[in-house]
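Engineer: Here you go, this is entry.txt (compact mmCIF, C-alpha atoms and all ligand atoms).
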# COMPACT_ATOMS: atom_id res chain seq x y z
CA MET A 1216 2.21 18.54 34.70
CA ILE A 1217 4.69 18.61 31.80
CA LYS A 1218 6.42 21.91 31.19
CA LYS A 1219 5.36 23.69 27.99
CA LYS A 1220 8.85 23.63 26.54
CA ASN A 1221 8.72 19.84 26.50
CA ILE A 1222 5.55 19.45 24.51
CA LEU A 1223 7.32 17.23 21.97
CA THR A 1224 8.61 14.72 24.55
CA ASP A 1225 6.48 11.62 25.06
CA SER A 1226 5.92 9.45 28.13
CA PHE A 1227 8.89 7.25 27.12
CA LYS A 1228 11.16 10.33 27.07
CA ARG A 1229 11.46 10.29 23.27
CA LYS A 1230 12.02 13.79 21.92
CA HIS A 1231 10.35 14.52 18.61
CA SER A 1232 12.40 16.73 16.33
CA TYR A 1233 11.21 15.48 12.96
CA LEU A 1234 7.85 16.41 11.42
CA ARG A 1235 6.52 14.98 8.18
CA ILE A 1236 3.90 17.20 6.60
CA SER A 1237 1.55 15.91 3.95
CA LEU A 1238 0.81 18.76 1.53
CA THR A 1239 -1.98 17.03 -0.35
CA GLU A 1240 -3.92 13.77 -0.39
CA ARG A 1241 -3.90 13.77 -4.20
CA CYS A 1242 -1.38 11.88 -6.28
CA ASN A 1243 -0.54 11.62 -9.98
CA LEU A 1244 0.25 7.90 -9.61
CA ARG A 1245 -1.98 5.07 -8.37
CA CYS A 1246 0.48 2.66 -6.76
CA THR A 1247 -1.31 -0.60 -6.08
CA TYR A 1248 0.27 -1.20 -2.65
CA CYS A 1249 -0.50 2.35 -1.53
CA MET A 1250 -3.98 3.08 -2.81
CA PRO A 1251 -6.94 0.74 -3.10
CA GLU A 1252 -8.07 0.11 -6.68
CA GLU A 1253 -11.28 2.06 -6.24
CA GLY A 1254 -9.29 5.15 -5.19
CA VAL A 1255 -9.51 6.91 -1.85
CA LEU A 1256 -12.10 9.21 -0.40
CA LEU A 1257 -10.44 12.63 -0.43
CA SER A 1258 -11.10 15.37 2.10
CA HIS A 1259 -13.08 18.34 0.79
CA LYS A 1260 -10.71 21.10 -0.39
CA SER A 1261 -11.90 23.38 2.40
CA HIS A 1262 -10.62 20.84 4.93
CA ILE A 1263 -7.09 20.80 3.52
CA MET A 1264 -4.54 23.07 5.22
CA ASN A 1265 -3.95 26.26 3.30
CA PHE A 1266 -0.62 28.06 2.83
CA ASP A 1267 -0.84 30.13 6.04
CA GLU A 1268 -2.07 27.23 8.12
CA ILE A 1269 0.80 24.99 7.04
CA TYR A 1270 3.27 27.72 7.86
CA THR A 1271 1.69 28.51 11.26
CA ILE A 1272 1.60 24.86 12.31
CA ALA A 1273 5.12 24.20 11.02
CA LYS A 1274 6.40 27.25 12.90
CA THR A 1275 4.76 26.06 16.13
CA PHE A 1276 6.59 22.74 15.81
CA VAL A 1277 9.89 24.43 14.97
CA ASP A 1278 9.48 26.79 17.94
CA ASN A 1279 9.06 23.70 20.11
CA GLY A 1280 12.12 21.82 18.90
CA VAL A 1281 11.50 20.39 15.43
CA THR A 1282 14.71 20.65 13.39
CA LYS A 1283 13.72 18.61 10.38
CA ILE A 1284 10.61 18.75 8.19
CA ARG A 1285 9.89 16.39 5.31
CA LEU A 1286 7.16 17.34 2.86
CA THR A 1287 5.20 14.46 1.45
CA GLY A 1288 1.72 13.48 0.35
CA GLY A 1289 -0.07 12.27 -1.82
CA GLU A 1290 2.33 13.80 -4.26
CA PRO A 1291 3.67 17.04 -2.74
CA LEU A 1292 4.88 18.46 -6.05
CA ILE A 1293 1.37 18.66 -7.50
CA ARG A 1294 0.31 21.24 -4.93
CA LYS A 1295 -0.29 24.49 -6.86
CA ASP A 1296 1.29 26.85 -4.31
CA LEU A 1297 4.34 24.64 -3.74
CA PRO A 1298 7.08 27.08 -4.88
CA LEU A 1299 5.68 29.86 -2.64
CA LEU A 1300 5.18 27.46 0.23
CA LEU A 1301 8.75 26.17 -0.02
CA LYS A 1302 10.07 29.72 0.00
CA LYS A 1303 8.01 30.54 3.08
CA LEU A 1304 8.98 27.36 4.95
CA ALA A 1305 12.62 27.96 4.04
CA THR A 1306 12.54 31.08 6.25
CA LEU A 1307 12.21 28.78 9.29
CA PRO A 1308 15.37 27.48 10.98
CA VAL A 1309 14.72 23.90 9.88
CA ASP A 1310 16.14 21.37 7.47
CA ILE A 1311 13.57 20.65 4.73
CA GLY A 1312 13.40 17.46 2.67
CA ILE A 1313 10.88 16.20 0.14
CA THR A 1314 9.53 12.75 -0.69
CA THR A 1315 8.22 12.57 -4.24
CA ASN A 1316 7.40 10.09 -6.96
CA GLY A 1317 9.70 12.12 -9.19
CA VAL A 1318 7.29 12.53 -12.11
CA ILE A 1319 7.54 16.35 -12.28
CA VAL A 1320 10.76 16.96 -10.34
CA ASP A 1321 12.44 18.69 -13.31
CA ARG A 1322 10.08 21.69 -12.87
CA PHE A 1323 11.38 22.38 -9.38
CA ILE A 1324 15.16 22.01 -9.53
CA ASP A 1325 15.75 25.78 -9.34
CA THR A 1326 13.18 26.28 -6.58
CA PHE A 1327 14.76 23.53 -4.49
CA LYS A 1328 18.15 25.16 -4.91
CA GLU A 1329 16.82 28.61 -4.10
CA CYS A 1330 15.25 27.26 -0.89
CA GLY A 1331 18.35 25.35 0.16
CA ILE A 1332 16.56 22.01 -0.13
CA ARG A 1333 19.12 19.25 -0.63
CA ASN A 1334 17.45 16.03 0.46
CA ILE A 1335 15.08 14.52 -2.08
CA ASN A 1336 13.67 11.00 -1.74
CA VAL A 1337 12.22 9.53 -4.91
CA SER A 1338 10.02 6.44 -4.91
CA LEU A 1339 10.79 3.91 -7.61
CA ASP A 1340 9.63 0.33 -7.20
CA SER A 1341 10.91 -1.20 -10.40
CA LEU A 1342 13.70 -0.60 -12.87
CA LYS A 1343 11.62 -2.27 -15.53
CA LYS A 1344 9.30 0.00 -17.45
CA GLU A 1345 6.43 -2.49 -17.79
CA LYS A 1346 6.49 -3.35 -14.11
CA PHE A 1347 6.61 0.32 -13.16
CA THR A 1348 3.49 0.89 -15.26
CA GLN A 1349 1.83 -2.12 -13.68
CA ILE A 1350 2.48 -1.01 -10.11
CA THR A 1351 1.84 2.72 -10.56
CA ARG A 1352 -0.98 2.27 -13.10
CA ARG A 1353 0.71 5.11 -15.02
CA ASN A 1354 3.27 5.16 -17.84
CA TYR A 1355 5.88 7.55 -16.38
CA PHE A 1356 8.96 5.36 -15.91
CA ASP A 1357 11.17 7.33 -18.33
CA ARG A 1358 10.30 10.66 -16.72
CA VAL A 1359 11.01 9.40 -13.22
CA TYR A 1360 14.27 7.76 -14.18
CA LYS A 1361 15.45 10.85 -16.07
CA ASN A 1362 14.55 13.01 -13.09
CA ILE A 1363 16.56 10.83 -10.71
CA LEU A 1364 19.59 11.34 -12.97
CA LEU A 1365 18.85 15.06 -13.12
CA LEU A 1366 18.75 15.34 -9.31
CA ALA A 1367 22.01 13.42 -8.97
CA LYS A 1368 23.66 15.56 -11.65
CA ASN A 1369 22.60 18.68 -9.76
CA GLY A 1370 24.21 17.44 -6.56
CA PHE A 1371 21.09 16.70 -4.49
CA ASN A 1372 21.24 13.99 -1.82
CA VAL A 1373 19.01 11.46 -3.50
CA LYS A 1374 17.45 8.47 -1.82
CA ILE A 1375 15.46 6.00 -3.90
CA ASN A 1376 12.64 4.25 -2.04
CA ALA A 1377 11.63 0.82 -3.30
CA VAL A 1378 8.88 -1.18 -1.59
CA LEU A 1379 9.64 -4.87 -2.17
CA ILE A 1380 6.75 -7.17 -2.89
CA ARG A 1381 7.34 -10.91 -3.11
CA GLY A 1382 6.96 -12.34 -6.57
CA PHE A 1383 6.74 -8.89 -8.10
CA ASN A 1384 9.99 -6.94 -7.77
CA ASP A 1385 12.10 -9.01 -5.36
CA ASP A 1386 14.04 -10.28 -8.39
CA GLU A 1387 15.38 -6.73 -8.82
CA ILE A 1388 17.22 -6.43 -5.49
CA VAL A 1389 20.66 -6.79 -7.06
CA ASP A 1390 19.76 -4.49 -9.98
CA PHE A 1391 18.68 -1.85 -7.50
CA VAL A 1392 21.89 -2.19 -5.49
CA ASN A 1393 23.87 -1.99 -8.73
CA LEU A 1394 22.19 1.32 -9.47
CA SER A 1395 24.39 2.69 -6.70
CA LYS A 1396 27.52 1.61 -8.58
CA ASP A 1397 27.85 4.72 -10.72
CA LEU A 1398 25.18 6.90 -9.16
CA PRO A 1399 25.84 8.57 -5.80
CA VAL A 1400 22.38 7.67 -4.49
CA SER A 1401 21.13 5.61 -1.57
CA VAL A 1402 18.72 2.89 -2.62
CA ARG A 1403 16.39 2.00 0.25
CA PHE A 1404 14.38 -1.19 0.38
CA ILE A 1405 11.21 -0.70 2.40
CA GLU A 1406 9.36 -3.61 3.96
CA PHE A 1407 5.79 -3.68 2.67
CA MET A 1408 3.52 -2.35 5.42
CA PRO A 1409 -0.20 -2.85 6.14
CA PHE A 1410 -2.62 0.05 5.66
CA ASP A 1411 -6.30 0.44 5.05
CA GLY A 1412 -7.29 -1.17 1.75
CA ASN A 1413 -3.82 -2.13 0.49
CA LYS A 1414 -4.46 -5.89 0.58
CA TRP A 1415 -1.42 -6.44 2.77
CA ASP A 1416 -0.36 -9.96 3.43
CA MET A 1417 2.67 -10.90 5.51
CA LYS A 1418 3.59 -13.42 2.81
CA LYS A 1419 3.99 -10.62 0.24
CA MET A 1420 6.48 -8.79 2.46
CA VAL A 1421 10.19 -9.32 1.82
CA SER A 1422 11.95 -8.98 5.16
CA TYR A 1423 15.20 -7.31 6.14
CA ALA A 1424 16.73 -10.73 6.93
CA GLU A 1425 15.76 -12.10 3.53
CA ILE A 1426 17.17 -9.11 1.65
CA ILE A 1427 20.49 -9.44 3.46
CA GLN A 1428 20.54 -13.19 2.92
CA TYR A 1429 19.89 -12.68 -0.77
CA LEU A 1430 22.60 -10.07 -1.12
CA ASN A 1431 25.04 -12.28 0.80
CA SER A 1432 24.53 -14.94 -1.79
CA HIS A 1433 25.28 -12.51 -4.59
CA PHE A 1434 28.09 -10.38 -3.17
CA SER A 1435 30.99 -11.64 -1.06
CA GLU A 1436 31.26 -10.78 2.62
CA GLU A 1437 34.22 -8.48 1.87
CA GLN A 1438 32.22 -6.56 -0.72
CA ILE A 1439 29.32 -5.65 1.58
CA LYS A 1440 30.18 -2.97 4.09
CA ARG A 1441 27.86 -2.08 6.98
CA LEU A 1442 27.78 1.72 7.35
CA GLN A 1443 27.25 3.71 10.52
CA ASP A 1444 23.57 4.71 10.78
CA SER A 1445 22.79 8.27 11.83
CA PRO A 1446 21.01 8.79 15.15
CA ASN A 1447 17.22 8.24 14.76
CA ASP A 1448 17.86 6.60 11.40
CA THR A 1449 15.02 4.36 10.29
CA SER A 1450 17.29 2.51 7.89
CA LYS A 1451 20.15 0.09 8.25
CA ASN A 1452 22.78 1.31 5.84
CA TYR A 1453 25.22 -0.64 3.70
CA LYS A 1454 27.52 -0.13 0.77
CA ILE A 1455 29.17 -2.28 -1.84
CA LYS A 1456 32.85 -1.45 -1.70
CA GLY A 1457 33.90 0.71 -4.63
CA TYR A 1458 30.34 1.80 -5.45
CA LYS A 1459 29.61 5.54 -5.51
CA GLY A 1460 26.31 5.19 -3.68
CA SER A 1461 24.95 2.99 -0.93
CA PHE A 1462 21.87 0.97 -0.03
CA ALA A 1463 19.71 0.57 3.03
CA ILE A 1464 16.82 -1.41 4.45
CA ILE A 1465 13.86 0.06 6.29
CA SER A 1466 12.51 -2.75 8.44
CA SER A 1467 9.37 -1.15 9.85
CA VAL A 1468 7.63 -4.52 10.09
CA THR A 1469 10.21 -7.07 11.25
CA ASN A 1470 12.54 -4.82 13.15
CA PRO A 1471 10.86 -1.53 14.03
CA PHE A 1472 12.94 1.38 15.22
CA CYS A 1473 10.43 2.69 17.75
CA ASP A 1474 12.90 3.14 20.63
CA SER A 1475 14.65 5.96 18.81
CA CYS A 1476 11.57 7.32 17.04
CA ASN A 1477 11.62 11.11 16.79
CA ARG A 1478 8.86 11.45 14.15
CA LEU A 1479 5.44 12.97 14.03
CA ARG A 1480 3.15 13.24 11.05
CA LEU A 1481 0.76 15.98 10.03
CA THR A 1482 -1.89 14.93 7.52
CA ALA A 1483 -2.98 17.27 4.72
CA ASN A 1484 -6.22 17.94 6.59
CA GLY A 1485 -4.30 19.08 9.64
CA HIS A 1486 -4.48 16.03 11.87
CA LEU A 1487 -1.48 15.00 13.93
CA LYS A 1488 -0.53 11.33 13.91
CA ASN A 1489 1.96 10.39 16.59
CA CYS A 1490 2.92 7.19 14.74
CA LEU A 1491 2.60 5.90 11.19
CA PHE A 1492 0.67 2.91 12.55
CA SER A 1493 -1.56 4.71 15.02
CA ALA A 1494 -5.29 4.32 14.56
CA THR A 1495 -6.00 7.64 16.24
CA GLU A 1496 -5.19 11.22 15.25
CA SER A 1497 -5.59 14.68 16.75
CA ASP A 1498 -7.28 17.47 14.83
CA ILE A 1499 -5.04 20.53 15.05
CA LEU A 1500 -6.53 22.41 12.12
CA THR A 1501 -10.02 22.85 13.55
CA SER A 1502 -8.61 24.37 16.73
CA LEU A 1503 -6.35 26.65 14.72
CA ARG A 1504 -9.32 27.80 12.63
CA ASN A 1505 -11.34 28.40 15.79
CA GLY A 1506 -8.58 30.59 17.19
CA LYS A 1507 -7.76 28.10 19.95
CA PRO A 1508 -4.18 27.29 21.02
CA ILE A 1509 -2.81 24.22 19.29
CA GLU A 1510 0.11 23.48 21.60
CA PRO A 1511 -2.00 21.66 24.24
CA ILE A 1512 -3.40 19.37 21.53
CA ILE A 1513 0.08 18.64 20.22
CA GLN A 1514 1.34 17.98 23.74
CA LYS A 1515 -1.49 15.56 24.51
CA ALA A 1516 -1.05 13.70 21.22
CA VAL A 1517 2.70 13.33 21.69
CA PHE A 1518 2.35 12.24 25.31
CA GLY A 1519 -0.14 9.55 24.31
CA LYS A 1520 2.21 7.90 21.81
CA PHE A 1521 2.50 4.13 22.19
CA LYS A 1522 5.89 2.55 22.82
CA ILE A 1523 5.77 0.39 19.69
CA ARG A 1524 4.00 0.75 16.29
CA GLY A 1525 0.86 2.51 17.45
CA GLY A 1526 0.19 -0.23 20.00
CA MET A 1527 0.68 -3.10 17.54
CA ASP A 1528 3.61 -4.36 19.53
CA THR A 1529 3.74 -7.88 18.14
CA LEU A 1530 3.80 -9.23 14.59
CA GLU A 1531 0.59 -11.11 15.45
CA LYS A 1532 -1.20 -7.84 16.20
CA LEU A 1533 0.20 -6.30 13.02
CA GLN A 1534 -1.31 -9.16 11.05
CA GLU A 1535 -4.74 -8.50 12.55
CA PRO A 1536 -6.74 -6.79 9.71
CA LYS A 1537 -9.16 -5.25 12.22
CA LEU A 1538 -6.30 -3.25 13.71
CA HIS A 1539 -4.73 -1.86 10.59
CA THR A 1540 -7.94 -1.03 8.83
CA GLN A 1541 -8.55 1.50 11.56
CA ASN A 1542 -5.58 3.38 10.11
CA ARG A 1543 -5.76 5.51 6.96
CA ASN A 1544 -4.15 4.45 3.74
CA MET A 1545 -0.65 5.73 3.07
CA THR A 1546 -1.64 8.32 0.51
CA THR A 1547 -3.83 10.19 3.01
CA ILE A 1548 -1.42 9.77 5.94
CA GLY A 1549 1.57 11.14 4.08
CA GLY A 1550 4.23 8.48 3.86
N1 LIG B 1 4.07 10.60 -3.66
C1 LIG B 1 5.26 10.57 -2.89
C2 LIG B 1 6.08 9.32 -3.24
O1 LIG B 1 5.67 8.58 -4.12
O2 LIG B 1 7.13 9.16 -2.65
C3 LIG B 1 5.08 10.67 -1.39
C4 LIG B 1 4.00 9.88 -0.76
S1 LIG B 1 4.26 8.11 -0.72
C5 LIG B 1 2.82 7.62 0.21
C6 LIG B 1 5.61 7.97 0.41
C7 LIG B 1 6.28 6.64 0.50
O3 LIG B 1 5.41 5.71 1.10
C8 LIG B 1 6.70 6.05 -0.82
O4 LIG B 1 8.09 5.79 -0.81
C9 LIG B 1 5.92 4.76 -0.89
O5 LIG B 1 6.62 3.76 -1.55
C10 LIG B 1 5.72 4.45 0.56
N2 LIG B 1 4.60 3.53 0.81
C11 LIG B 1 3.32 3.67 0.45
N3 LIG B 1 2.59 2.59 0.83
C12 LIG B 1 3.45 1.75 1.45
C13 LIG B 1 3.33 0.46 2.05
N4 LIG B 1 2.17 -0.17 2.11
N5 LIG B 1 4.42 -0.10 2.59
C14 LIG B 1 5.62 0.53 2.54
N6 LIG B 1 5.80 1.74 1.99
C15 LIG B 1 4.74 2.34 1.44
What's the structure tokens form of this structure?

Structural biologist:
Amino acid sequence: MIKKKNILTDSFKRKHSYLRISLTERCNLRCTYCMPEEGVLLSHKSHIMNFDEIYTIAKTFVDNGVTKIRLTGGEPLIRKDLPLLLKKLATLPVDIGITTNGVIVDRFIDTFKECGIRNINVSLDSLKKEKFTQITRRNYFDRVYKNILLLAKNGFNVKINAVLIRGFNDDEIVDFVNLSKDLPVSVRFIEFMPFDGNKWDMKKMVSYAEIIQYLNSHFSEEQIKRLQDSPNDTSKNYKIKGYKGSFAIISSVTNPFCDSCNRLRLTANGHLKNCLFSATESDILTSLRNGKPIEPIIQKAVFGKFKIRGGMDTLEKLQEPKLHTQNRNMTTIGG
């Protein structure tokens, strides 16, 4: 029998101190690699966690050892009660970050500051306006780019997430790295991952090794500096000497970081996912609504976590469509 105080430790002795909470399944963009063309089936509003439920669940995790919460979605900034929610969550002893597509960031600069939120990740998959429109199916490039500059100007720690897709934006790798020349941001290249309905194909994925090889052919060995990664970091961090910012690669597919994984995910409808790739989830919200204790459910879900990528421990398994279509799409998981 595991002691109650260890409910966030799994059977491989990994301690989970990082919770990603999806605040909504809705999004104001329609990124092709994230959402299927026909859209996604959204949960009924009554099944989405309300303000008090998010706070209660977050507090339970913090009481049990979570020190870092990242709010995501869907697009977290489109949630109507966001400012109030941020203020409430900011009363917990936890470091809060946000992952956003940046479209309406300018409306929240003061709220972020008031709540002590410093870490903002903005997704941007192309530096070319037409390509941005093509991939997001929306014409918001200028707003997003302006908002990235605004965040940097206001001293936030900004990370830019770019999912590389072969033949689409892999010609922009150097342009993205050069964005860190004058801007103190970290540009992070994310390997394209398989999810339900995103038409994933291993051939479309640009791997960590390829990105490094490409950069090695553009910059000299002396120019590229490998940085020390933080503990539990999902990214391998680098810098071009003399640049204000840095860049990183998140190799979830070719080089997963499962051994040091400390993450759990809570979907907007209150289900706990113990891994981004897991095909199963545990419904916390229904128990909470029925007045039942949620800690035993959390404990069981954490203890059942697979060693590697939700059980897809080989690249062959990851390429098996049957396995990853049992998972949700990214917009309803909360990336
Ligand atoms: N709307 C917010 C945003 O755009 O950042 C938060 C949600 S979004 C699902 C979170 C992150 O997941 C984004 O950086 C996005 O690029 C990434 N993502 C979505 N689908 C992905 C995929 N198939 N492979 C890799 N990353 C993906």

Engineer: Using all atoms listed in the file, what are the residues with an atom within 6 Å of ligand LIG 1 (chain B), set out as a PDB file with C-alpha atoms, in the coordinates of the input?

Structural biologist:
ATOM      1  CA  TYR A1248       0.270  -1.200  -2.650  1.00  0.00           C
ATOM      2  CA  CYS A1249      -0.500   2.350  -1.530  1.00  0.00           C
ATOM      3  CA  THR A1287       5.200  14.460   1.450  1.00  0.00           C
ATOM      4  CA  GLY A1288       1.720  13.480   0.350  1.00  0.00           C
ATOM      5  CA  GLY A1289      -0.070  12.270  -1.820  1.00  0.00           C
ATOM      6  CA  GLU A1290       2.330  13.800  -4.260  1.00  0.00           C
ATOM      7  CA  THR A1314       9.530  12.750  -0.690  1.00  0.00           C
ATOM      8  CA  THR A1315       8.220  12.570  -4.240  1.00  0.00           C
ATOM      9  CA  ASN A1316       7.400  10.090  -6.960  1.00  0.00           C
ATOM     10  CA  VAL A1337      12.220   9.530  -4.910  1.00  0.00           C
ATOM     11  CA  SER A1338      10.020   6.440  -4.910  1.00  0.00           C
ATOM     12  CA  ASN A1376      12.640   4.250  -2.040  1.00  0.00           C
ATOM     13  CA  VAL A1378       8.880  -1.180  -1.590  1.00  0.00           C
ATOM     14  CA  ILE A1405      11.210  -0.700   2.400  1.00  0.00           C
ATOM     15  CA  GLU A1406       9.360  -3.610   3.960  1.00  0.00           C
ATOM     16  CA  PHE A1407       5.790  -3.680   2.670  1.00  0.00           C
ATOM     17  CA  MET A1408       3.520  -2.350   5.420  1.00  0.00           C
ATOM     18  CA  PRO A1409      -0.200  -2.850   6.140  1.00  0.00           C
ATOM     19  CA  PHE A1410      -2.620   0.050   5.660  1.00  0.00           C
ATOM     20  CA  MET A1545      -0.650   5.730   3.070  1.00  0.00           C
ATOM     21  CA  THR A1546      -1.640   8.320   0.510  1.00  0.00           C
ATOM     22  CA  GLY A1549       1.570  11.140   4.080  1.00  0.00           C
ATOM     23  CA  GLY A1550       4.230   8.480   3.860  1.00  0.00           C
TER      24      GLY A1550
END

Engineer: Out of A:Lys1488, A:Lys1418, A:Lys1451, A:Arg1285, which residue has the shortest atom-to-atom distance to Val1309 in chain A when counting all atoms listed in the file?

Structural biologist: A:Arg1285

Engineer: Given the point (20.1, 23.6, 5.6) in the file's coordinates, find the residues that have an atom at most 8 Å from it, counting all atoms listed in the file, and give them as a count of residues only.

Structural biologist: 6

Engineer: Hey, which of A:Ile1324, A:Ile1427, A:Val1517, A:Leu1339 ends up closest to Leu1223 in chain A? Count all atoms listed in the file.

Structural biologist: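 Selected residue with least distance to Leu1223 in chain A: A:Val1517.
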
Engineer: Which residue gives the smallest distance to Gly1254 in chain A among A:Ile1523, A:Val1359, A:Glu1510, A:Asn1413, with only C-alpha atoms counted?

Structural biologist: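 Smallest separation from Gly1254 in chain A among the options: A:Asn1413.
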
Engineer: Using only C-alpha atoms and a cutoff of 12 Å, can you tell me which residues are near (7.8, 9.2, -14.7) in the file's coordinates, and write them out as JSON, numbers by chain?

Structural biologist: {"A": [1243, 1244, 1315, 1316, 1317, 1318, 1319, 1320, 1321, 1337, 1338, 1339, 1340, 1341, 1342, 1344, 1347, 1348, 1351, 1352, 1353, 1354, 1355, 1356, 1357, 1358, 1359, 1360, 1361, 1362, 1363]}

Engineer: Those same residues - C-alpha atoms - I'd like them written as a PDB file, in the frame of the given file.

Structural biologist:
ATOM      1  CA  ASN A1243      -0.540  11.620  -9.980  1.00  0.00           C
ATOM      2  CA  LEU A1244       0.250   7.900  -9.610  1.00  0.00           C
ATOM      3  CA  THR A1315       8.220  12.570  -4.240  1.00  0.00           C
ATOM      4  CA  ASN A1316       7.400  10.090  -6.960  1.00  0.00           C
ATOM      5  CA  GLY A1317       9.700  12.120  -9.190  1.00  0.00           C
ATOM      6  CA  VAL A1318       7.290  12.530 -12.110  1.00  0.00           C
ATOM      7  CA  ILE A1319       7.540  16.350 -12.280  1.00  0.00           C
ATOM      8  CA  VAL A1320      10.760  16.960 -10.340  1.00  0.00           C
ATOM      9  CA  ASP A1321      12.440  18.690 -13.310  1.00  0.00           C
ATOM     10  CA  VAL A1337      12.220   9.530  -4.910  1.00  0.00           C
ATOM     11  CA  SER A1338      10.020   6.440  -4.910  1.00  0.00           C
ATOM     12  CA  LEU A1339      10.790   3.910  -7.610  1.00  0.00           C
ATOM     13  CA  ASP A1340       9.630   0.330  -7.200  1.00  0.00           C
ATOM     14  CA  SER A1341      10.910  -1.200 -10.400  1.00  0.00           C
ATOM     15  CA  LEU A1342      13.700  -0.600 -12.870  1.00  0.00           C
ATOM     16  CA  LYS A1344       9.300   0.000 -17.450  1.00  0.00           C
ATOM     17  CA  PHE A1347       6.610   0.320 -13.160  1.00  0.00           C
ATOM     18  CA  THR A1348       3.490   0.890 -15.260  1.00  0.00           C
ATOM     19  CA  THR A1351       1.840   2.720 -10.560  1.00  0.00           C
ATOM     20  CA  ARG A1352      -0.980   2.270 -13.100  1.00  0.00           C
ATOM     21  CA  ARG A1353       0.710   5.110 -15.020  1.00  0.00           C
ATOM     22  CA  ASN A1354       3.270   5.160 -17.840  1.00  0.00           C
ATOM     23  CA  TYR A1355       5.880   7.550 -16.380  1.00  0.00           C
ATOM     24  CA  PHE A1356       8.960   5.360 -15.910  1.00  0.00           C
ATOM     25  CA  ASP A1357      11.170   7.330 -18.330  1.00  0.00           C
ATOM     26  CA  ARG A1358      10.300  10.660 -16.720  1.00  0.00           C
ATOM     27  CA  VAL A1359      11.010   9.400 -13.220  1.00  0.00           C
ATOM     28  CA  TYR A1360      14.270   7.760 -14.180  1.00  0.00           C
ATOM     29  CA  LYS A1361      15.450  10.850 -16.070  1.00  0.00           C
ATOM     30  CA  ASN A1362      14.550  13.010 -13.090  1.00  0.00           C
ATOM     31  CA  ILE A1363      16.560  10.830 -10.710  1.00  0.00           C
TER      32      ILE A1363
END

Engineer: Using only C-alpha atoms, which of A:Ile1512, A:Ile1499, A:Ile1222, A:Leu1307 sits nearest Glu1268 in chain A?

Structural biologist: A:Ile1499

Engineer: Excluding same-chain residues fewer than 3 positions from range 1433-1439 of chain A, what lies within 9 Å of it counting only C-alpha atoms, as a list in words?

Structural biologist: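 Near range 1433-1439 of chain A, the qualifying residues are Val1389, Gln1428, Tyr1429, Leu1430, Tyr1453, Lys1454, Ile1455, Lys1456 and Gly1457 of chain A.
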
Engineer: Which neighbours of range 1391-1395 of chain A fall inside 7 Å, counting all atoms listed in the file, when residues of the same chain fewer than 4 positions from it are skipped, and could you give them as an mmCIF file with C-alpha atoms, in the frame of the given file?

Structural biologist:
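Ended up saving to selection-v9.cif:
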data_model
loop_
_atom_site.group_PDB
_atom_site.id
_atom_site.type_symbol
_atom_site.label_atom_id
_atom_site.label_comp_id
_atom_site.auth_asym_id
_atom_site.auth_seq_id
_atom_site.Cartn_x
_atom_site.Cartn_y
_atom_site.Cartn_z
ATOM 1 C CA GLU A 1387 15.380 -6.730 -8.820
ATOM 2 C CA PRO A 1399 25.840 8.570 -5.800
ATOM 3 C CA VAL A 1400 22.380 7.670 -4.490
ATOM 4 C CA SER A 1401 21.130 5.610 -1.570
ATOM 5 C CA VAL A 1402 18.720 2.890 -2.620
ATOM 6 C CA TYR A 1458 30.340 1.800 -5.450
ATOM 7 C CA LYS A 1459 29.610 5.540 -5.510
ATOM 8 C CA GLY A 1460 26.310 5.190 -3.680
ATOM 9 C CA SER A 1461 24.950 2.990 -0.930
ATOM 10 C CA PHE A 1462 21.870 0.970 -0.030
#

Engineer: Kindly give the distance, in Å, that separates CA of Thr1482 in chain A and CA of Leu1299 in chain A, rounded to a single decimal.

Structural biologist: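 About the pair CA of Thr1482 in chain A and CA of Leu1299 in chain A: they are 19.6 Å apart.
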
Engineer: Contacts of Phe1518 in chain A at 9 Å or less, counting all atoms listed in the file, minus same-chain residues fewer than 5 places along, as a PDB file with C-alpha atoms, in the frame of the given file?

Structural biologist:
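The resulting file, selection_27.pdb, is reproduced below:
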ATOM      1  CA  ILE A1222       5.550  19.450  24.510  1.00  0.00           C
ATOM      2  CA  LEU A1223       7.320  17.230  21.970  1.00  0.00           C
ATOM      3  CA  THR A1224       8.610  14.720  24.550  1.00  0.00           C
ATOM      4  CA  ASP A1225       6.480  11.620  25.060  1.00  0.00           C
ATOM      5  CA  SER A1226       5.920   9.450  28.130  1.00  0.00           C
ATOM      6  CA  PHE A1227       8.890   7.250  27.120  1.00  0.00           C
ATOM      7  CA  ASN A1489       1.960  10.390  16.590  1.00  0.00           C
ATOM      8  CA  ILE A1513       0.080  18.640  20.220  1.00  0.00           C
TER       9      ILE A1513
END

Engineer: Tell me, in Å to one decimal, how far CA of Ser1258 in chain A is from CA of Glu1240 in chain A.

Structural biologist: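 CA of Glu1240 in chain A lies at a distance of 7.8 Å from CA of Ser1258 in chain A.
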
Engineer: What is the CA of Lys1303 in chain A to CA of Phe1371 in chain A distance in Å?

Structural biologist: 20.5 Å
